[in-house]
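Engineer: structure.pdb is the file, holding PDB, C-alpha atoms and all ligand atoms:
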ATOM      1  CA  MET C  63     100.392-152.043 -98.264  1.00  0.00           C
ATOM      2  CA  LYS C  64     101.127-155.623 -97.410  1.00  0.00           C
ATOM      3  CA  ASN C  65     102.243-156.752 -93.986  1.00  0.00           C
ATOM      4  CA  LEU C  66     105.626-158.336 -94.643  1.00  0.00           C
ATOM      5  CA  THR C  67     105.541-160.424 -91.491  1.00  0.00           C
ATOM      6  CA  GLU C  68     102.424-162.364 -92.388  1.00  0.00           C
ATOM      7  CA  SER C  69     102.263-165.253 -94.787  1.00  0.00           C
ATOM      8  CA  GLU C  70     100.257-165.125 -97.963  1.00  0.00           C
ATOM      9  CA  LYS C  71      96.595-165.897 -97.625  1.00  0.00           C
ATOM     10  CA  THR C  72      94.145-166.707-100.325  1.00  0.00           C
ATOM     11  CA  LEU C  73      90.540-165.696-100.047  1.00  0.00           C
ATOM     12  CA  SER C  74      87.612-166.092-102.305  1.00  0.00           C
ATOM     13  CA  ASN C  75      86.739-162.690-103.714  1.00  0.00           C
ATOM     14  CA  GLU C  76      83.487-162.480-101.913  1.00  0.00           C
ATOM     15  CA  SER C  77      81.635-159.860-100.015  1.00  0.00           C
ATOM     16  CA  SER C  78      79.018-161.981 -98.288  1.00  0.00           C
ATOM     17  CA  ASN C  79      80.723-160.976 -95.036  1.00  0.00           C
ATOM     18  CA  GLY C  80      81.235-157.361 -96.112  1.00  0.00           C
ATOM     19  CA  ILE C  81      84.803-157.974 -97.226  1.00  0.00           C
ATOM     20  CA  LEU C  82      85.700-156.271-100.478  1.00  0.00           C
ATOM     21  CA  GLU C  83      87.520-157.882-103.364  1.00  0.00           C
ATOM     22  CA  ILE C  84      91.051-156.545-103.824  1.00  0.00           C
ATOM     23  CA  ARG C  85      91.797-155.502-107.388  1.00  0.00           C
ATOM     24  CA  LYS C  86      95.049-157.008-108.590  1.00  0.00           C
ATOM     25  CA  TYR C  87      97.566-155.556-111.019  1.00  0.00           C
ATOM     26  CA  PRO C  88      97.149-155.058-113.998  1.00  0.00           C
ATOM     27  CA  ASP C  89      93.542-154.007-113.274  1.00  0.00           C
ATOM     28  CA  PRO C  90      93.329-150.573-114.986  1.00  0.00           C
ATOM     29  CA  VAL C  91      91.516-149.043-111.997  1.00  0.00           C
ATOM     30  CA  LEU C  92      94.855-149.080-110.153  1.00  0.00           C
ATOM     31  CA  LYS C  93      96.312-146.528-112.594  1.00  0.00           C
ATOM     32  CA  LYS C  94      93.448-144.030-112.308  1.00  0.00           C
ATOM     33  CA  ILE C  95      93.457-140.815-110.271  1.00  0.00           C
ATOM     34  CA  SER C  96      90.864-140.759-107.500  1.00  0.00           C
ATOM     35  CA  GLU C  97      88.385-137.929-106.891  1.00  0.00           C
ATOM     36  CA  PRO C  98      88.475-135.892-103.679  1.00  0.00           C
ATOM     37  CA  VAL C  99      85.821-136.690-101.075  1.00  0.00           C
ATOM     38  CA  THR C 100      83.292-133.845-100.740  1.00  0.00           C
ATOM     39  CA  VAL C 101      80.414-135.569 -98.924  1.00  0.00           C
ATOM     40  CA  PHE C 102      81.021-136.678 -95.339  1.00  0.00           C
ATOM     41  CA  ASP C 103      78.050-138.857 -94.468  1.00  0.00           C
ATOM     42  CA  ASP C 104      77.171-142.241 -92.954  1.00  0.00           C
ATOM     43  CA  GLU C 105      77.964-143.937 -96.251  1.00  0.00           C
ATOM     44  CA  LEU C 106      81.547-142.667 -96.041  1.00  0.00           C
ATOM     45  CA  GLU C 107      81.851-143.818 -92.442  1.00  0.00           C
ATOM     46  CA  ASP C 108      80.551-147.285 -93.380  1.00  0.00           C
ATOM     47  CA  PHE C 109      82.942-147.492 -96.323  1.00  0.00           C
ATOM     48  CA  VAL C 110      85.908-146.664 -94.075  1.00  0.00           C
ATOM     49  CA  LYS C 111      84.846-149.464 -91.704  1.00  0.00           C
ATOM     50  CA  VAL C 112      84.626-151.955 -94.571  1.00  0.00           C
ATOM     51  CA  LEU C 113      88.006-150.783 -95.862  1.00  0.00           C
ATOM     52  CA  PHE C 114      89.533-151.497 -92.442  1.00  0.00           C
ATOM     53  CA  SER C 115      87.941-154.949 -92.194  1.00  0.00           C
ATOM     54  CA  SER C 116      88.959-155.833 -95.751  1.00  0.00           C
ATOM     55  CA  MET C 117      92.537-154.730 -95.000  1.00  0.00           C
ATOM     56  CA  ARG C 118      92.665-156.832 -91.822  1.00  0.00           C
ATOM     57  CA  VAL C 119      91.267-159.945 -93.482  1.00  0.00           C
ATOM     58  CA  HIS C 120      93.963-159.677 -96.154  1.00  0.00           C
ATOM     59  CA  ASP C 121      96.720-159.058 -93.573  1.00  0.00           C
ATOM     60  CA  GLY C 122      97.422-155.612 -94.943  1.00  0.00           C
ATOM     61  CA  VAL C 123      98.877-152.659 -93.092  1.00  0.00           C
ATOM     62  CA  GLY C 124      97.131-150.316 -95.502  1.00  0.00           C
ATOM     63  CA  LEU C 125      94.430-150.293 -98.142  1.00  0.00           C
ATOM     64  CA  ALA C 126      93.337-147.569-100.550  1.00  0.00           C
ATOM     65  CA  ALA C 127      89.866-147.164-102.066  1.00  0.00           C
ATOM     66  CA  PRO C 128      90.999-147.693-105.702  1.00  0.00           C
ATOM     67  CA  GLN C 129      92.249-151.143-104.655  1.00  0.00           C
ATOM     68  CA  VAL C 130      88.599-152.086-104.098  1.00  0.00           C
ATOM     69  CA  GLY C 131      87.482-150.306-107.266  1.00  0.00           C
ATOM     70  CA  VAL C 132      86.352-147.047-105.631  1.00  0.00           C
ATOM     71  CA  LEU C 133      88.023-143.978-107.159  1.00  0.00           C
ATOM     72  CA  LYS C 134      87.830-141.709-104.104  1.00  0.00           C
ATOM     73  CA  LYS C 135      90.687-140.225-102.096  1.00  0.00           C
ATOM     74  CA  ILE C 136      90.227-142.560 -99.117  1.00  0.00           C
ATOM     75  CA  ALA C 137      92.739-144.929 -97.530  1.00  0.00           C
ATOM     76  CA  VAL C 138      93.327-146.647 -94.219  1.00  0.00           C
ATOM     77  CA  VAL C 139      96.548-147.635 -92.460  1.00  0.00           C
ATOM     78  CA  GLU C 140      96.972-149.789 -89.382  1.00  0.00           C
ATOM     79  CA  TYR C 141     100.401-150.483 -87.990  1.00  0.00           C
ATOM     80  CA  ASP C 142     102.002-150.902 -84.592  1.00  0.00           C
ATOM     81  CA  GLY C 143      98.637-150.844 -82.847  1.00  0.00           C
ATOM     82  CA  LYS C 144      97.535-147.546 -84.368  1.00  0.00           C
ATOM     83  CA  SER C 145      94.837-146.924 -86.956  1.00  0.00           C
ATOM     84  CA  TYR C 146      94.723-144.005 -89.362  1.00  0.00           C
ATOM     85  CA  VAL C 147      92.016-142.797 -91.745  1.00  0.00           C
ATOM     86  CA  LEU C 148      93.303-140.817 -94.713  1.00  0.00           C
ATOM     87  CA  ILE C 149      90.707-138.799 -96.598  1.00  0.00           C
ATOM     88  CA  ASN C 150      91.938-136.219 -99.140  1.00  0.00           C
ATOM     89  CA  PRO C 151      95.389-136.601 -97.563  1.00  0.00           C
ATOM     90  CA  LYS C 152      98.442-134.520 -98.414  1.00  0.00           C
ATOM     91  CA  VAL C 153     102.035-134.425 -97.212  1.00  0.00           C
ATOM     92  CA  VAL C 154     102.710-131.102 -95.451  1.00  0.00           C
ATOM     93  CA  ASP C 155     106.205-131.908 -94.138  1.00  0.00           C
ATOM     94  CA  GLN C 156     108.797-134.627 -94.554  1.00  0.00           C
ATOM     95  CA  LYS C 157     112.286-135.477 -93.307  1.00  0.00           C
ATOM     96  CA  GLY C 158     115.050-137.897 -94.184  1.00  0.00           C
ATOM     97  CA  LEU C 159     115.038-140.952 -96.392  1.00  0.00           C
ATOM     98  CA  GLN C 160     114.595-144.651 -95.787  1.00  0.00           C
ATOM     99  CA  GLU C 161     115.090-147.633 -98.022  1.00  0.00           C
ATOM    100  CA  GLY C 162     113.163-150.799 -97.415  1.00  0.00           C
ATOM    101  CA  GLU C 163     111.133-153.619 -98.816  1.00  0.00           C
ATOM    102  CA  GLU C 164     107.550-152.994 -99.763  1.00  0.00           C
ATOM    103  CA  GLY C 165     104.662-155.154-100.845  1.00  0.00           C
ATOM    104  CA  CYS C 166     101.131-154.402-101.973  1.00  0.00           C
ATOM    105  CA  LEU C 167      97.846-156.292-101.679  1.00  0.00           C
ATOM    106  CA  SER C 168      97.344-155.673-105.405  1.00  0.00           C
ATOM    107  CA  PHE C 169     100.655-157.491-106.166  1.00  0.00           C
ATOM    108  CA  PRO C 170     100.462-160.814-104.291  1.00  0.00           C
ATOM    109  CA  GLY C 171     103.860-162.325-103.580  1.00  0.00           C
ATOM    110  CA  ILE C 172     105.804-159.407-105.048  1.00  0.00           C
ATOM    111  CA  TYR C 173     108.186-157.220-103.028  1.00  0.00           C
ATOM    112  CA  ALA C 174     110.624-154.516-103.979  1.00  0.00           C
ATOM    113  CA  HIS C 175     112.963-152.013-102.371  1.00  0.00           C
ATOM    114  CA  VAL C 176     111.603-148.472-102.459  1.00  0.00           C
ATOM    115  CA  THR C 177     113.217-145.312-101.099  1.00  0.00           C
ATOM    116  CA  ARG C 178     110.838-142.996 -99.261  1.00  0.00           C
ATOM    117  CA  PRO C 179     110.995-140.184 -96.700  1.00  0.00           C
ATOM    118  CA  GLN C 180     111.761-141.406 -93.164  1.00  0.00           C
ATOM    119  CA  TRP C 181     109.206-139.133 -91.511  1.00  0.00           C
ATOM    120  CA  VAL C 182     106.107-137.397 -92.833  1.00  0.00           C
ATOM    121  CA  LYS C 183     103.413-135.097 -91.521  1.00  0.00           C
ATOM    122  CA  ILE C 184     100.042-135.632 -93.176  1.00  0.00           C
ATOM    123  CA  GLU C 185      97.092-133.299 -93.353  1.00  0.00           C
ATOM    124  CA  SER C 186      93.845-135.155 -93.899  1.00  0.00           C
ATOM    125  CA  ASN C 187      90.111-134.993 -93.370  1.00  0.00           C
ATOM    126  CA  ASP C 188      88.479-137.262 -90.835  1.00  0.00           C
ATOM    127  CA  VAL C 189      85.169-139.008 -91.566  1.00  0.00           C
ATOM    128  CA  HIS C 190      83.281-135.882 -90.427  1.00  0.00           C
ATOM    129  CA  GLY C 191      85.190-133.597 -92.788  1.00  0.00           C
ATOM    130  CA  ASP C 192      87.293-131.942 -90.099  1.00  0.00           C
ATOM    131  CA  THR C 193      90.947-131.270 -90.887  1.00  0.00           C
ATOM    132  CA  VAL C 194      93.367-133.366 -88.880  1.00  0.00           C
ATOM    133  CA  THR C 195      97.149-133.778 -88.956  1.00  0.00           C
ATOM    134  CA  PHE C 196      99.217-136.763 -87.912  1.00  0.00           C
ATOM    135  CA  GLU C 197     102.816-137.884 -88.208  1.00  0.00           C
ATOM    136  CA  GLY C 198     104.373-141.165 -89.157  1.00  0.00           C
ATOM    137  CA  GLU C 199     107.912-142.460 -89.001  1.00  0.00           C
ATOM    138  CA  GLY C 200     109.641-145.454 -90.560  1.00  0.00           C
ATOM    139  CA  TYR C 201     107.262-148.159 -91.713  1.00  0.00           C
ATOM    140  CA  THR C 202     104.217-146.054 -90.796  1.00  0.00           C
ATOM    141  CA  ALA C 203     105.472-143.215 -93.012  1.00  0.00           C
ATOM    142  CA  ARG C 204     106.109-145.749 -95.767  1.00  0.00           C
ATOM    143  CA  ALA C 205     102.543-147.059 -95.443  1.00  0.00           C
ATOM    144  CA  PHE C 206     101.030-143.543 -95.583  1.00  0.00           C
ATOM    145  CA  LEU C 207     102.988-142.699 -98.720  1.00  0.00           C
ATOM    146  CA  HIS C 208     102.317-146.036-100.414  1.00  0.00           C
ATOM    147  CA  GLU C 209      98.547-145.647 -99.860  1.00  0.00           C
ATOM    148  CA  MET C 210      98.539-141.993-100.903  1.00  0.00           C
ATOM    149  CA  ASP C 211     100.294-142.975-104.136  1.00  0.00           C
ATOM    150  CA  HIS C 212      97.375-145.351-104.837  1.00  0.00           C
ATOM    151  CA  LEU C 213      95.024-142.336-104.731  1.00  0.00           C
ATOM    152  CA  ASN C 214      97.015-140.807-107.577  1.00  0.00           C
ATOM    153  CA  GLY C 215      97.271-143.958-109.671  1.00  0.00           C
ATOM    154  CA  LYS C 216     100.885-144.471-108.707  1.00  0.00           C
ATOM    155  CA  LEU C 217     102.144-147.948-107.813  1.00  0.00           C
ATOM    156  CA  PHE C 218     105.269-148.997-105.940  1.00  0.00           C
ATOM    157  CA  ILE C 219     106.687-150.590-109.067  1.00  0.00           C
ATOM    158  CA  ASP C 220     106.716-147.125-110.666  1.00  0.00           C
ATOM    159  CA  TYR C 221     109.731-146.293-108.459  1.00  0.00           C
ATOM    160  CA  LEU C 222     111.813-149.136-109.905  1.00  0.00           C
ATOM    161  CA  SER C 223     114.091-149.237-112.915  1.00  0.00           C
ATOM    162  CA  SER C 224     112.328-150.336-116.109  1.00  0.00           C
ATOM    163  CA  LEU C 225     114.339-153.575-116.000  1.00  0.00           C
ATOM    164  CA  LYS C 226     113.066-154.474-112.522  1.00  0.00           C
ATOM    165  CA  ARG C 227     109.573-153.219-113.330  1.00  0.00           C
ATOM    166  CA  ASN C 228     109.319-155.404-116.434  1.00  0.00           C
ATOM    167  CA  ALA C 229     110.452-158.451-114.443  1.00  0.00           C
ATOM    168  CA  ILE C 230     107.667-157.769-111.929  1.00  0.00           C
ATOM    169  CA  LYS C 231     105.111-157.230-114.692  1.00  0.00           C
ATOM    170  CA  LYS C 232     105.983-160.638-116.116  1.00  0.00           C
ATOM    171  CA  LYS C 233     105.667-162.240-112.680  1.00  0.00           C
ATOM    172  CA  ALA C 234     102.325-160.493-112.070  1.00  0.00           C
ATOM    173  CA  ALA C 235     101.074-161.628-115.472  1.00  0.00           C
ATOM    174  CA  LYS C 236     101.910-165.208-114.595  1.00  0.00           C
ATOM    175  CA  HIS C 237     100.107-164.823-111.273  1.00  0.00           C
ATOM    176  CA  THR C 238      96.884-163.457-112.723  1.00  0.00           C
ATOM    177  CA  GLY C 239      97.009-165.087-116.122  1.00  0.00           C
ATOM    178  CA  GLY C 240      96.833-161.599-117.609  1.00  0.00           C
ATOM    179  CA  HIS C 241      98.457-160.288-120.751  1.00  0.00           C
ATOM    180  CA  PHE C 242     100.374-157.099-121.468  1.00  0.00           C
TER     181      PHE C 242
HETATM  182 NI    NI C 301      99.367-151.096-102.290  1.00  0.00          NI
END
In structure tokens, how does this file's structure come out?

Structural biologist:
Amino acid sequence: MKNLTESEKTLSNESSNGILEIRKYPDPVLKKISEPVTVFDDELEDFVKVLFSSMRVHDGVGLAAPQVGVLKKIAVVEYDGKSYVLINPKVVDQKGLQEGEEGCLSFPGIYAHVTRPQWVKIESNDVHGDTVTFEGEGYTARAFLHEMDHLNGKLFIDYLSSLKRNAIKKKAAKHTGGHF
């Protein structure tokens, strides 16, 4: 998920420094359902590190593996000084509702209001495969849920009316030069 407080940055899509290219809508990989992680090895740990650094370079507060073309249930979130690794995550409890503006690194310059739970409890694996739980409230909860949606091929524009969604699709097409 995009950090709303930071200005847009443009980067060459290069990985010479270990930074991964962010796939932009309408890249079809963004609509695919990711596979659960079953192997917890050094490669996974390294990938999580690269996901964090790629997220930071792009001023994100969250980044999911499919956004870098990897269809595995892995995402990272960093907000308010705290970092979270989400591997095979699921919501085990939730409370309340919040409405707020949301952006996504795969939709540069595009924001929309999305209603989400105000508080969530997440059960996840850590990089070693152990089960961990953590809670998030407000914008942190929003970031968890936005990234977890990515792991199921769901995008924030899927919450909008078809009218609003089509307007965003047109804007995204202009941005990327893509066709629909
Ligand atoms: Ni996103």

Engineer: Counting all atoms listed in the file, which protein, DNA or RNA residues come within 7 Å of ligand NI 301 (chain C), given as number ranges by chain?

Structural biologist: C: 63-64, 125, 165-168, 208-209, 212, 217

Engineer: Report as a tab-separated table: every residue of region 114-192 of chain C with an atom at most 10 Å from region 227-232 of chain C, its closest pair of atoms, and their distance in Å to one decimal, counting only C-alpha atoms, with rows sorted by chain and ascending residue number.

Structural biologist:
residue	atom	partner	partner_atom	distance
C:Phe169	CA	C:Ile230	CA	9.1
C:Ile172	CA	C:Ile230	CA	7.3
C:Tyr173	CA	C:Ile230	CA	8.9
C:Ala174	CA	C:Ile230	CA	9.1

Engineer: Would you write out, as JSON, numbers by chain, every residue that the PyMOL selection byres (((chain C and resi 188-201) around 8) and not hetatm) captures in this file?

Structural biologist: {"C": [102, 103, 106, 107, 147, 148, 149, 160, 180, 181, 182, 183, 184, 185, 186, 187, 202, 203, 204, 205, 206]}

Engineer: Applying the PyMOL selection byres (((chain C and resi 123) around 6) and not hetatm) to the file I just gave you, which residues come out? Please list them as a PyMOL selection string.

Structural biologist: chain C and resi 63-65+122+124+139-141

Engineer: Select all residues near (84.5, -146.6, -109.4) (cut-off 12 Å, inclusive, file coordinates), counting only C-alpha atoms, and output them as a list in words.

Structural biologist: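 All residues meeting the 12 Å criterion around (84.5, -146.6, -109.4) are Arg85, Pro90, Val91, Leu92, Lys94, Ile95, Ser96, Glu97, Ala127, Pro128, Gln129, Val130, Gly131, Val132, Leu133, Lys134 and Lys135 of chain C.
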
Engineer: What is the CA of Leu222 (chain C) to CA of Ala137 (chain C) distance in Å?

Structural biologist: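 Separation of CA of Leu222 (chain C) and CA of Ala137 (chain C): 23.1 Å.
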
Engineer: Out of C:Lys233, C:Lys93, C:Val176, C:Leu82, which residue has the shortest atom-to-atom distance to Ile219 (chain C) when counting all atoms listed in the file?

Structural biologist: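 Selected residue with least distance to Ile219 (chain C): C:Val176.
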
Engineer: Could you tell me how far CA of Phe114 (chain C) lies from CA of Glu163 (chain C), in Å and to one decimal?

Structural biologist: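 Interatomic distance here is 22.6 Å.
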
Engineer: At what distance in Å, to one decimal, does CA of Pro170 (chain C) lie from CA of Lys86 (chain C)?

Structural biologist: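 The value is 7.9 Å.
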
Engineer: Please write as a PyMOL selection string the full residue list that the PyMOL selection byres (((chain C and resi 159) around 7) and not hetatm) yields on this file.

Structural biologist: chain C and resi 157-158+160-161+177-180
